[in-house]
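*Asks:* Dropping the structure in here first, questions after.
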Amino acid sequence: MVVGAALPYCGLPPVPGTLISRFNLDPVLIGALLALGAVHLRLTARALRPVAAAGWLVTAAALLSPLCALSVALFAARIAQHMVLVLCAAPLLALSLPAPPHRGGRLRLWGAALAFLLALWFWHMPRPYDATFSSTLAYWAMHVTVFGSALGLWRELLHGGAELSLDAMAAGTASSMQMGLLGAVLTCAQHPLFFAHLTSTQAWGLAPLMDQQLGGVLMWVPGIALFLWVALRALDRLRRTLDAPPAT
């Protein structure tokens, strides 16, 4: 914890042996998740309700489980929390959302990809990242913008029509590359970049630089794999469209 700073949203950094009891029981957050989940499930088609429920359960696990407290101690845990939200919860929720209108689809797709890039890079720069440990407002601004932009991007990638297959392939590849690049920058840095974790990693057997490098790898590899899958999915959809017999 930063000396003299406000208490981080998820509390003091935990130590081994105490983590299992460190659930986040914030009643406002629990109430918000229950309300949003209930509304979403009510508006979701019956066939997709299990997908939507799974998305909200994963979201709740990322925000309410002891991972919240561990993310105060370890940069790698904060990255793991973000990857659960961005690469697991967001696609599930996006898949259960209604398809966006076809009009303006290309502009929305690239706008969503740009918004995700800006949110991801901004909040994983040293000053904005460290600010989330002294301001609850900054903490939630980070999570809402990163998660929200990922949800918007996944909705465009998963629901786009065949006419947007090339754009979906390009946007998925670009998102994979920018996420992998950020992970590589964090992994290959020669010194710790985040002041908030300088004194909280040793209890977990990690030097601050090792913790940062582990977080970079967690962002680098899964991000590349999943967004490249989206690109390949779009390519396959385009191939099947081109191979289909012409309408008579």
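Following the order of the structure tokens, chains are lettered A, B, ..., residues in each are numbered from 1, and ligands are numbered from 1.
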Do you know which residues are at most 8 Å from His82 (chain A) counting only C-alpha atoms, after dropping those on the same chain fewer than 4 positions away, and could you put them as a list of chain:residue names?

*Replies:*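 Non-adjacent residues within range: A:Arg78, A:Val86, A:His143, A:Val146, A:Phe147.
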
*Asks:* Save out the residues we just selected, N, CA and C atoms, as a PDB file, in the first residue's frame.

*Replies:*
ATOM      1  N   ARG A  78      -4.136  -8.227 -10.491  1.00  0.00           N
ATOM      2  CA  ARG A  78      -4.989  -7.213 -11.121  1.00  0.00           C
ATOM      3  C   ARG A  78      -5.144  -7.513 -12.609  1.00  0.00           C
ATOM      4  N   VAL A  86     -12.354  -9.234 -19.329  1.00  0.00           N
ATOM      5  CA  VAL A  86     -12.249  -8.876 -20.746  1.00  0.00           C
ATOM      6  C   VAL A  86     -12.384 -10.090 -21.658  1.00  0.00           C
ATOM      7  N   HIS A 143     -12.262  -0.008 -14.084  1.00  0.00           N
ATOM      8  CA  HIS A 143     -12.982  -1.241 -14.353  1.00  0.00           C
ATOM      9  C   HIS A 143     -14.149  -1.033 -15.311  1.00  0.00           C
ATOM     10  N   VAL A 146     -12.586  -0.275 -18.960  1.00  0.00           N
ATOM     11  CA  VAL A 146     -11.937  -1.442 -19.559  1.00  0.00           C
ATOM     12  C   VAL A 146     -12.974  -2.524 -19.866  1.00  0.00           C
ATOM     13  N   PHE A 147     -13.816  -2.835 -18.893  1.00  0.00           N
ATOM     14  CA  PHE A 147     -14.831  -3.870 -19.087  1.00  0.00           C
ATOM     15  C   PHE A 147     -15.884  -3.429 -20.103  1.00  0.00           C
TER      16      PHE A 147
END

*Asks:* Which residues, written as a PyMOL selection string, have at least one atom at most 10 Å from region 218-230 of chain A, with only C-alpha atoms counted and residues fewer than 3 positions away on the same chain left out?

*Replies:* chain A and resi 76-77+79-80+82-83+86-88+154+157-158+168-187+212-215+233-236

*Asks:* So which residues touch Cys68 (chain A) within 9 Å, counting only C-alpha atoms, skipping near sequence neighbours fewer than 5 positions away, as a ChimeraX atom specification?

*Replies:* /A:9-11,22-24,62-63,77-78,81

*Asks:* Take CA of Thr201 (chain A) and CA of Ala73 (chain A) and report the distance between them in Å, one decimal.

*Replies:*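 Computing it gives 5.9 Å between the two atoms.
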
*Asks:* Near region 116-121 of chain A, counting only C-alpha atoms, which residues have an atom at most 7 Å away, once you skip same-chain residues fewer than 5 positions from it, shown as a ChimeraX atom specification?

*Replies:* /A:145-146,149-150

*Asks:* Selection from above, C-alpha atoms, as a CSV table (one decimal), in the first residue's frame, can you write it?

*Replies:*
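What landed in result18.csv:
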chain,number,residue,atom,x,y,z
A,145,THR,CA,-14.1,1.7,-19.0
A,146,VAL,CA,-11.9,-1.4,-19.6
A,149,SER,CA,-15.1,-1.1,-23.9
A,150,ALA,CA,-14.4,-4.8,-24.1
